[in-house]
>>> print(open('model.txt').read())   # compact mmCIF, C-alpha atoms and all ligand atoms
# COMPACT_ATOMS: atom_id res chain seq x y z
CA MET A 20 19.78 -142.00 39.69
CA SER A 21 17.66 -142.22 36.64
CA GLY A 22 14.41 -143.50 35.30
CA ARG A 23 12.19 -145.52 37.53
CA ILE A 24 14.62 -145.70 40.46
CA ARG A 25 14.80 -141.92 40.67
CA ARG A 26 11.06 -141.70 40.32
CA THR A 27 10.58 -144.15 43.18
CA PHE A 28 13.02 -142.22 45.37
CA GLU A 29 11.27 -138.93 44.64
CA MET A 30 7.96 -140.57 45.39
CA LEU A 31 9.11 -141.80 48.79
CA LEU A 32 10.33 -138.33 49.68
CA CYS A 33 7.08 -136.88 48.49
CA VAL A 34 4.94 -139.34 50.45
CA ALA A 35 6.88 -138.49 53.57
CA ALA A 36 6.32 -134.80 52.95
CA VAL A 37 2.65 -135.02 52.08
CA ALA A 38 1.55 -137.60 54.66
CA GLY A 39 -0.29 -136.03 57.49
CA ILE A 40 -1.01 -132.72 55.82
CA LEU A 41 -4.12 -133.82 53.97
CA THR A 42 -6.87 -131.81 55.51
CA GLY A 43 -10.00 -130.20 54.28
CA CYS A 44 -10.49 -132.68 51.46
CA VAL A 45 -13.86 -132.91 49.83
CA ASN A 46 -15.03 -135.84 47.82
CA SER A 47 -17.31 -134.49 45.16
CA GLY A 48 -19.34 -137.61 45.68
CA GLY A 49 -17.79 -139.03 42.57
CA LYS A 50 -19.70 -136.48 40.64
CA ALA A 51 -17.44 -137.20 37.77
CA ALA A 52 -19.64 -137.88 34.89
CA ASP A 53 -21.83 -139.66 37.28
CA ALA A 54 -24.86 -138.56 39.20
CA PRO A 55 -27.43 -141.17 38.20
CA GLU A 56 -29.83 -138.75 36.68
CA LYS A 57 -32.80 -139.75 34.60
CA LEU A 58 -31.92 -141.16 31.26
CA VAL A 59 -32.32 -138.80 28.34
CA LYS A 60 -32.22 -140.76 25.18
CA SER A 61 -30.34 -139.38 22.24
CA LYS A 62 -32.49 -138.33 19.37
CA SER A 63 -29.92 -139.69 17.02
CA GLU A 64 -29.13 -143.36 17.23
CA GLY A 65 -26.25 -143.47 14.80
CA ARG A 66 -23.49 -141.52 13.20
CA ASN A 67 -25.42 -141.25 9.99
CA LEU A 68 -27.42 -138.51 11.70
CA VAL A 69 -24.40 -136.48 12.72
CA PRO A 70 -24.53 -133.06 11.13
CA ASP A 71 -21.91 -132.23 8.58
CA VAL A 72 -19.16 -130.51 10.49
CA THR A 73 -17.05 -127.92 8.79
CA ARG A 74 -14.23 -125.77 9.99
CA ASP A 75 -16.47 -122.81 10.58
CA THR A 76 -19.45 -124.41 12.15
CA LEU A 77 -18.42 -126.36 15.20
CA THR A 78 -18.77 -124.10 18.19
CA LEU A 79 -20.12 -124.19 21.67
CA PRO A 80 -21.72 -120.80 21.99
CA ALA A 81 -23.25 -118.90 24.82
CA SER A 82 -20.89 -119.80 27.60
CA ASP A 83 -18.33 -117.08 27.37
CA PRO A 84 -18.55 -115.59 30.87
CA SER A 85 -18.29 -112.11 29.44
CA THR A 86 -21.37 -112.47 27.29
CA ASP A 87 -23.48 -115.22 28.77
CA GLU A 88 -26.08 -114.25 31.33
CA SER A 89 -26.65 -117.85 32.27
CA THR A 90 -23.11 -118.14 33.56
CA LYS A 91 -23.66 -115.23 35.89
CA ASN A 92 -26.97 -116.67 36.98
CA PRO A 93 -26.74 -120.44 37.02
CA SER A 94 -30.36 -120.88 38.00
CA LYS A 95 -31.37 -119.50 34.64
CA SER A 96 -31.16 -122.16 32.00
CA SER A 97 -29.23 -121.04 28.98
CA GLY A 98 -30.72 -123.37 26.44
CA ASN A 99 -27.04 -123.74 25.71
CA LYS A 100 -27.20 -125.80 22.56
CA ILE A 101 -24.56 -126.30 19.98
CA THR A 102 -25.38 -124.36 16.89
CA ALA A 103 -23.85 -124.10 13.49
CA THR A 104 -24.11 -120.37 13.13
CA GLN A 105 -21.17 -118.88 14.97
CA LYS A 106 -17.77 -118.55 13.41
CA PRO A 107 -14.85 -119.56 15.61
CA GLU A 108 -13.21 -116.17 15.63
CA GLU A 109 -16.35 -114.65 17.11
CA ASN A 110 -15.97 -116.59 20.33
CA ASP A 111 -12.67 -117.48 21.93
CA ASP A 112 -14.33 -120.30 23.76
CA VAL A 113 -14.58 -122.23 20.54
CA ILE A 114 -13.98 -125.92 20.78
CA GLY A 115 -10.36 -126.40 19.95
CA GLY A 116 -8.94 -123.04 20.92
CA SER A 117 -5.29 -123.70 21.58
CA LEU A 118 -2.45 -123.05 23.97
CA VAL A 119 -0.07 -123.43 21.08
CA ASP A 120 -1.58 -120.68 19.01
CA PRO A 121 -5.03 -119.64 20.09
CA ALA A 122 -5.46 -117.47 17.04
CA LYS A 123 -4.71 -120.17 14.54
CA TYR A 124 -5.42 -123.65 15.82
CA ILE A 125 -8.78 -124.93 14.72
CA PRO A 126 -9.26 -128.69 14.55
CA ASP A 127 -9.31 -130.01 11.02
CA PRO A 128 -12.58 -131.87 10.48
CA GLY A 129 -10.84 -133.77 7.69
CA ALA A 130 -8.20 -135.25 9.99
CA ARG A 131 -7.98 -139.05 9.96
CA ILE A 132 -8.66 -139.30 13.69
CA LYS A 133 -10.81 -136.94 15.70
CA ILE A 134 -10.51 -136.91 19.49
CA VAL A 135 -12.64 -135.00 21.96
CA LEU A 136 -10.97 -134.20 25.26
CA ASP A 137 -13.42 -133.49 28.04
CA PRO A 138 -12.01 -131.78 31.14
CA GLY A 139 -14.50 -132.93 33.77
CA HIS A 140 -16.63 -130.49 35.78
CA GLY A 141 -15.99 -126.73 35.48
CA GLY A 142 -17.98 -123.56 36.18
CA VAL A 143 -20.83 -124.25 38.59
CA HIS A 144 -20.13 -127.98 38.54
CA LYS A 145 -17.35 -128.46 41.05
CA GLY A 146 -15.31 -131.63 41.29
CA ALA A 147 -13.38 -132.97 44.24
CA SER A 148 -11.15 -130.64 46.24
CA CYS A 149 -8.38 -131.12 48.74
CA ASP A 150 -6.04 -128.67 50.43
CA GLY A 151 -6.69 -126.02 47.83
CA ILE A 152 -6.44 -128.41 44.91
CA GLU A 153 -9.55 -128.18 42.78
CA GLU A 154 -10.19 -131.18 40.57
CA GLN A 155 -11.80 -129.17 37.78
CA ASP A 156 -8.61 -127.09 37.48
CA LEU A 157 -6.37 -130.15 37.26
CA ASN A 158 -8.68 -131.69 34.68
CA LEU A 159 -8.48 -128.59 32.51
CA LYS A 160 -4.70 -128.28 32.79
CA VAL A 161 -4.10 -131.89 31.88
CA ALA A 162 -6.57 -131.78 29.01
CA LEU A 163 -4.98 -128.66 27.50
CA LEU A 164 -1.50 -130.13 27.86
CA CYS A 165 -2.69 -133.38 26.32
CA ARG A 166 -4.17 -131.54 23.38
CA ASN A 167 -0.94 -129.63 22.92
CA TYR A 168 1.06 -132.81 22.94
CA LEU A 169 -1.18 -134.49 20.41
CA ILE A 170 -1.38 -131.66 17.91
CA THR A 171 2.32 -130.85 18.06
CA HIS A 172 3.51 -134.45 17.67
CA TYR A 173 1.03 -136.10 15.33
CA SER A 174 -0.03 -135.09 11.86
CA ASP A 175 -3.29 -136.96 11.48
CA VAL A 176 -5.30 -136.02 14.54
CA ALA A 177 -7.76 -133.24 15.30
CA VAL A 178 -8.46 -132.48 18.93
CA TYR A 179 -11.64 -130.85 20.12
CA MET A 180 -12.28 -129.64 23.66
CA THR A 181 -15.61 -129.66 25.45
CA ARG A 182 -14.33 -126.68 27.40
CA SER A 183 -11.09 -124.73 27.41
CA THR A 184 -11.84 -122.43 30.35
CA ASP A 185 -13.38 -122.85 33.80
CA ARG A 186 -16.99 -123.04 32.76
CA GLU A 187 -19.93 -125.39 32.63
CA LEU A 188 -21.60 -126.45 29.40
CA ASP A 189 -24.97 -126.02 31.05
CA PRO A 190 -26.02 -125.02 34.57
CA THR A 191 -28.06 -128.21 34.90
CA LEU A 192 -25.75 -131.16 35.50
CA LYS A 193 -27.86 -133.60 33.53
CA VAL A 194 -27.83 -131.36 30.48
CA ASP A 195 -24.17 -130.47 30.97
CA LEU A 196 -23.13 -134.11 30.79
CA GLU A 197 -25.14 -134.89 27.70
CA GLU A 198 -23.80 -131.75 25.99
CA ARG A 199 -20.29 -133.19 26.36
CA ALA A 200 -21.33 -136.25 24.41
CA ARG A 201 -23.02 -133.99 21.86
CA VAL A 202 -19.71 -132.26 21.26
CA ALA A 203 -18.28 -135.66 20.34
CA GLU A 204 -21.28 -136.32 18.11
CA LEU A 205 -20.90 -133.01 16.28
CA ALA A 206 -17.17 -133.54 15.88
CA ASN A 207 -17.86 -137.02 14.50
CA ALA A 208 -15.29 -138.11 17.05
CA ASP A 209 -13.50 -141.43 17.10
CA ALA A 210 -13.40 -141.21 20.88
CA LEU A 211 -14.13 -138.94 23.81
CA VAL A 212 -11.70 -139.00 26.72
CA SER A 213 -13.13 -137.47 29.87
CA ILE A 214 -10.35 -136.33 32.16
CA HIS A 215 -10.80 -136.56 35.93
CA PHE A 216 -9.04 -136.93 39.25
CA ASN A 217 -10.49 -138.90 42.10
CA ALA A 218 -11.05 -138.59 45.83
CA SER A 219 -12.34 -141.09 48.36
CA GLU A 220 -14.53 -140.67 51.39
CA LYS A 221 -11.97 -142.09 53.79
CA HIS A 222 -9.00 -140.67 51.90
CA ASP A 223 -7.50 -144.14 51.75
CA GLN A 224 -7.55 -144.91 48.03
CA SER A 225 -4.94 -144.41 45.34
CA GLY A 226 -4.29 -145.23 41.71
CA ALA A 227 -5.86 -144.82 38.28
CA ILE A 228 -9.01 -146.39 36.88
CA VAL A 229 -10.85 -146.05 33.58
CA TYR A 230 -14.62 -146.39 33.31
CA VAL A 231 -16.03 -147.62 30.01
CA SER A 232 -19.48 -148.41 28.72
CA LYS A 233 -20.74 -151.97 28.95
CA ARG A 234 -22.56 -151.63 25.64
CA ASP A 235 -21.36 -153.96 22.90
CA ASN A 236 -21.16 -151.25 20.25
CA VAL A 237 -18.35 -149.41 22.03
CA HIS A 238 -17.14 -151.58 24.90
CA GLU A 239 -14.22 -153.32 23.26
CA GLU A 240 -12.69 -150.26 21.67
CA SER A 241 -13.23 -148.22 24.83
CA ALA A 242 -11.44 -150.86 26.88
CA LEU A 243 -8.52 -151.08 24.45
CA LEU A 244 -8.09 -147.31 24.44
CA GLY A 245 -8.35 -147.20 28.23
CA GLU A 246 -5.75 -149.93 28.63
CA GLN A 247 -3.29 -147.98 26.50
CA ILE A 248 -3.71 -144.91 28.67
CA LEU A 249 -3.56 -146.86 31.93
CA GLY A 250 -0.35 -148.55 30.76
CA ARG A 251 1.31 -145.17 30.24
CA LEU A 252 0.10 -143.91 33.62
CA GLU A 253 1.48 -147.07 35.19
CA ASP A 254 4.84 -146.29 33.59
CA LEU A 255 4.84 -143.09 35.66
CA GLY A 256 4.37 -145.17 38.80
CA ILE A 257 0.63 -144.71 39.27
CA GLU A 258 -1.14 -147.85 40.41
CA ASN A 259 -3.21 -149.44 37.63
CA HIS A 260 -6.72 -150.37 38.74
CA SER A 261 -7.63 -151.40 35.25
CA ILE A 262 -10.76 -151.00 33.19
CA SER A 263 -14.11 -150.96 34.96
CA ILE A 264 -17.79 -150.76 34.14
CA ARG A 265 -20.42 -149.60 36.57
CA ASP A 266 -24.12 -150.31 36.36
CA SER A 267 -26.80 -147.74 37.03
CA ASN A 268 -28.81 -148.37 40.17
CA ASP A 269 -32.09 -147.28 38.68
CA LEU A 270 -31.90 -146.86 34.92
CA MET A 271 -32.96 -150.06 33.20
CA ASP A 272 -33.62 -150.93 29.58
CA LYS A 273 -36.84 -152.63 28.49
CA ASN A 274 -35.36 -156.02 29.36
CA GLY A 275 -34.51 -154.93 32.87
CA ASN A 276 -30.79 -154.65 32.24
CA PRO A 277 -29.14 -151.66 33.88
CA TYR A 278 -27.67 -148.91 31.76
CA ASP A 279 -24.22 -147.55 32.45
CA TYR A 280 -24.04 -145.57 35.67
CA TYR A 281 -21.88 -142.81 34.25
CA ALA A 282 -23.62 -140.37 31.97
CA ILE A 283 -20.55 -139.84 29.79
CA ASN A 284 -20.27 -143.58 29.10
CA ARG A 285 -24.01 -143.82 28.48
CA HIS A 286 -24.50 -140.78 26.27
CA CYS A 287 -21.45 -141.51 24.15
CA ALA A 288 -22.47 -145.14 23.64
CA ALA A 289 -25.90 -143.96 22.52
CA ARG A 290 -24.06 -142.05 19.80
CA GLU A 291 -21.86 -145.00 18.81
CA ILE A 292 -18.79 -143.23 20.21
CA PRO A 293 -16.35 -144.78 22.70
CA GLY A 294 -16.51 -142.39 25.65
CA ILE A 295 -14.16 -143.22 28.50
CA ILE A 296 -13.62 -141.65 31.90
CA VAL A 297 -10.01 -141.58 33.06
CA GLU A 298 -9.65 -141.13 36.81
CA HIS A 299 -5.93 -140.44 36.84
CA ALA A 300 -5.11 -140.41 40.54
CA TYR A 301 -6.53 -139.51 43.96
CA ILE A 302 -5.97 -135.90 44.94
CA ASP A 303 -6.44 -136.83 48.61
CA SER A 304 -3.89 -139.65 48.60
CA PRO A 305 -0.36 -139.02 49.93
CA THR A 306 0.91 -141.55 47.43
CA ASP A 307 -0.84 -140.05 44.43
CA ARG A 308 -0.24 -136.44 45.37
CA CYS A 309 3.36 -137.01 44.39
CA PHE A 310 2.24 -137.50 40.83
CA ILE A 311 0.28 -134.25 40.59
CA ASP A 312 2.06 -131.67 42.70
CA SER A 313 4.04 -129.88 40.03
CA GLU A 314 3.55 -128.58 36.52
CA GLU A 315 6.04 -131.19 35.32
CA ASP A 316 3.98 -133.95 36.90
CA LEU A 317 0.81 -132.75 35.20
CA ALA A 318 2.65 -132.54 31.88
CA ALA A 319 3.81 -136.13 32.37
CA ILE A 320 0.24 -137.26 33.02
CA ALA A 321 -0.98 -135.39 29.95
CA GLU A 322 1.77 -136.97 27.89
CA ALA A 323 0.76 -140.40 29.18
CA ASP A 324 -2.80 -139.76 27.99
CA ALA A 325 -1.56 -138.54 24.62
CA LEU A 326 0.77 -141.50 24.14
CA GLY A 327 -2.03 -143.89 25.00
CA ILE A 328 -4.35 -142.23 22.51
CA ALA A 329 -1.60 -142.18 19.87
CA ALA A 330 -0.80 -145.85 20.37
CA HIS A 331 -4.41 -146.94 20.16
CA PHE A 332 -5.18 -144.97 17.01
CA GLU A 333 -1.71 -145.51 15.50
CA LEU A 334 -1.21 -141.78 15.00
CA THR A 335 1.52 -140.60 12.65
CA LEU A 336 4.42 -138.62 14.08
CA TYR A 337 5.41 -135.42 12.30
ZN ZN A 401 -14.35 -135.76 38.41
>>> encode(input="model.txt", output="structure tokens")
Amino acid sequence: MSGRIRRTFEMLLCVAAVAGILTGCVNSGGKAADAPEKLVKSKSEGRNLVPDVTRDTLTLPASDPSTDESTKNPSKSSGNKITATQKPEENDDVIGGSLVDPAKYIPDPGARIKIVLDPGHGGVHKGASCDGIEEQDLNLKVALLCRNYLITHYSDVAVYMTRSTDRELDPTLKVDLEERARVAELANADALVSIHFNASEKHDQSGAIVYVSKRDNVHEESALLGEQILGRLEDLGIENHSISIRDSNDLMDKNGNPYDYYAINRHCAAREIPGIIVEHAYIDSPTDRCFIDSEEDLAAIAEADALGIAAHFELTLY
């Protein structure tokens, strides 16, 4: 057997094996990039205010668990702001540290296309969990593999990470989420892709969905990028639930129109950056578990993300 037929056969075997053993699953409450917190408006309204980013200045300091008190004591706010003072080699938690060569890979701010990969949750901000599978761990693995794929296959892309270890960007969720968008702002990113896995209250959902901002300045490009990624995930056999927008329940603009529900969508749009949330699959679904239960599966998902990004931005192969 080969190709899709083999994949379908493996999936059926997997569903049979996984069905009935899903216990102890916790839905994080969709705390993806969500949590309808109070709107914090960006001070900068356009890219013209983005600081000049150079190779030695783009870092996310103060969250290395070995040096950061705030990580040990989450109740103490770190004031964990991005600064332009720390050289990458002084902190191995630099944006863009690499699996390929941690000592050498630093994103090139002069690259034609700049992508920020955002592994959702991390540190004190837990995602969904199910049978020992922790969403924040899957998010990080897939994001790192996706970065590796991009930087080893394409010559004109720089990839920045909002985190490359199991940590939060800030102990306060509201601040943490906006900091992720600020990473994209500082990187002058062409897009931010926030990587997540889903779970449902009744454990009866499956498939992939991409959330994009409704705002005109970024909606179209976000949707096109999302469709590329969803198409590649569909090629793996994951159900495609298409592009979606979600309105905030309580955050309205001056005309009474709701803002985006998801903070990542909202904060990126405020910075003129397409920021999309990719919910790859449901970790509590017997069907979807077959797509995430091995290192090879996670590599395939990461490759799907990378191929979608590459197709959208017409990246150049080495
Ligand atoms: Zn999530």
>>> closest_residue(input="model.txt", among="A:Glu298, A:Asp272, A:Glu322, A:Glu253", to="ligand ZN 401 (chain A)", atoms="all atoms listed in the file")
A:Glu298
>>> closest_residue(input="model.txt", among="A:Ala227, A:Cys165, A:Ala208, A:Val178", to="Gly327 in chain A", atoms="all atoms listed in the file")
A:Cys165
>>> closest_residue(input="model.txt", among="A:Val237, A:Ala210, A:Ile125, A:Leu196", to="ligand ZN 401 (chain A)", atoms="only C-alpha atoms and all ligand atoms")
A:Leu196
>>> residues_around(input="model.txt", residues="Asp235 in chain A", least_positions_apart="4", cutoff="10 Å", atoms="all atoms listed in the file", output="list in words")
Glu239, Glu240, Ala288 and Glu291 of chain A
>>> atom_distance(input="model.txt", atom1="CA of Asn46 in chain A", atom2="CA of Ile328 in chain A")
28.2 Å
>>> closest_residue(input="model.txt", among="A:Ile320, A:Leu326, A:Cys149, A:Leu205", to="Leu244 in chain A", atoms="all atoms listed in the file")
A:Leu326
>>> closest_residue(input="model.txt", among="A:Asn167, A:Leu243, A:Ile132, A:His299", to="ligand ZN 401 (chain A)", atoms="only C-alpha atoms and all ligand atoms")
A:His299
>>> closest_residue(input="model.txt", among="A:Tyr173, A:Tyr301, A:Phe332, A:Phe310", to="ligand ZN 401 (chain A)", atoms="all atoms listed in the file")
A:Tyr301
>>> axis_aligned_box(input="model.txt", around="range 303-321 of chain A", padding_each_side="4 Å", output="JSON")
{"center_x": -0.2, "center_y": -135.1, "center_z": 39.9, "size_x": 20.5, "size_y": 21.0, "size_z": 28.0}
>>> residues_near_point(input="model.txt", point="(-25.6, -148.2, 28.1)", cutoff="10 Å", atoms="all atoms listed in the file", output="PDB file with C-alpha atoms, in the frame of the given file")
ATOM      1  CA  LEU A  58     -31.920-141.160  31.260  1.00  0.00           C
ATOM      2  CA  VAL A 231     -16.030-147.620  30.010  1.00  0.00           C
ATOM      3  CA  SER A 232     -19.480-148.410  28.720  1.00  0.00           C
ATOM      4  CA  LYS A 233     -20.740-151.970  28.950  1.00  0.00           C
ATOM      5  CA  ARG A 234     -22.560-151.630  25.640  1.00  0.00           C
ATOM      6  CA  ASP A 235     -21.360-153.960  22.900  1.00  0.00           C
ATOM      7  CA  ASN A 236     -21.160-151.250  20.250  1.00  0.00           C
ATOM      8  CA  VAL A 237     -18.350-149.410  22.030  1.00  0.00           C
ATOM      9  CA  HIS A 238     -17.140-151.580  24.900  1.00  0.00           C
ATOM     10  CA  ASP A 266     -24.120-150.310  36.360  1.00  0.00           C
ATOM     11  CA  SER A 267     -26.800-147.740  37.030  1.00  0.00           C
ATOM     12  CA  LEU A 270     -31.900-146.860  34.920  1.00  0.00           C
ATOM     13  CA  MET A 271     -32.960-150.060  33.200  1.00  0.00           C
ATOM     14  CA  ASP A 272     -33.620-150.930  29.580  1.00  0.00           C
ATOM     15  CA  ASN A 276     -30.790-154.650  32.240  1.00  0.00           C
ATOM     16  CA  PRO A 277     -29.140-151.660  33.880  1.00  0.00           C
ATOM     17  CA  TYR A 278     -27.670-148.910  31.760  1.00  0.00           C
ATOM     18  CA  ASP A 279     -24.220-147.550  32.450  1.00  0.00           C
ATOM     19  CA  TYR A 280     -24.040-145.570  35.670  1.00  0.00           C
ATOM     20  CA  TYR A 281     -21.880-142.810  34.250  1.00  0.00           C
ATOM     21  CA  ALA A 282     -23.620-140.370  31.970  1.00  0.00           C
ATOM     22  CA  ILE A 283     -20.550-139.840  29.790  1.00  0.00           C
ATOM     23  CA  ASN A 284     -20.270-143.580  29.100  1.00  0.00           C
ATOM     24  CA  ARG A 285     -24.010-143.820  28.480  1.00  0.00           C
ATOM     25  CA  HIS A 286     -24.500-140.780  26.270  1.00  0.00           C
ATOM     26  CA  CYS A 287     -21.450-141.510  24.150  1.00  0.00           C
ATOM     27  CA  ALA A 288     -22.470-145.140  23.640  1.00  0.00           C
ATOM     28  CA  ALA A 289     -25.900-143.960  22.520  1.00  0.00           C
TER      29      ALA A 289
END
>>> residues_near_point(input="model.txt", point="(-8.6, -137.4, 14.4)", cutoff="12 Å", atoms="all atoms listed in the file", output="JSON, numbers by chain")
{"A": [126, 127, 128, 129, 130, 131, 132, 133, 134, 135, 136, 166, 169, 170, 173, 174, 175, 176, 177, 178, 179, 203, 206, 207, 208, 209, 210, 211, 328, 329, 331, 332, 333, 334, 335]}
>>> atom_distance(input="model.txt", atom1="CA of Asp254 in chain A", atom2="CA of Asp324 in chain A")
11.5 Å
>>> decode(input="model.txt", residues="range 150-171 of chain A", atoms="C-alpha atoms", output="short mmCIF file (atom, residue, chain, number, x, y, z; two decimals), in the first residue's frame")
data_model
loop_
_atom_site.label_atom_id
_atom_site.label_comp_id
_atom_site.auth_asym_id
_atom_site.auth_seq_id
_atom_site.Cartn_x
_atom_site.Cartn_y
_atom_site.Cartn_z
CA ASP A 150 -4.05 11.11 28.63
CA GLY A 151 -0.67 12.62 29.37
CA ILE A 152 -0.55 14.63 26.17
CA GLU A 153 0.07 18.28 26.96
CA GLU A 154 -0.94 20.69 24.23
CA GLN A 155 1.82 23.19 24.99
CA ASP A 156 4.41 20.46 24.39
CA LEU A 157 2.93 19.46 21.04
CA ASN A 158 2.75 23.10 20.01
CA LEU A 159 6.43 23.59 20.78
CA LYS A 160 7.54 20.41 19.02
CA VAL A 161 5.61 21.22 15.87
CA ALA A 162 6.78 24.82 15.84
CA LEU A 163 10.45 23.84 16.19
CA LEU A 164 10.12 21.20 13.48
CA CYS A 165 8.35 23.70 11.24
CA ARG A 166 11.12 26.23 11.74
CA ASN A 167 13.70 23.58 10.94
CA TYR A 168 11.91 22.66 7.76
CA LEU A 169 11.62 26.25 6.62
CA ILE A 170 15.19 27.30 7.28
CA THR A 171 16.72 24.16 5.81
#
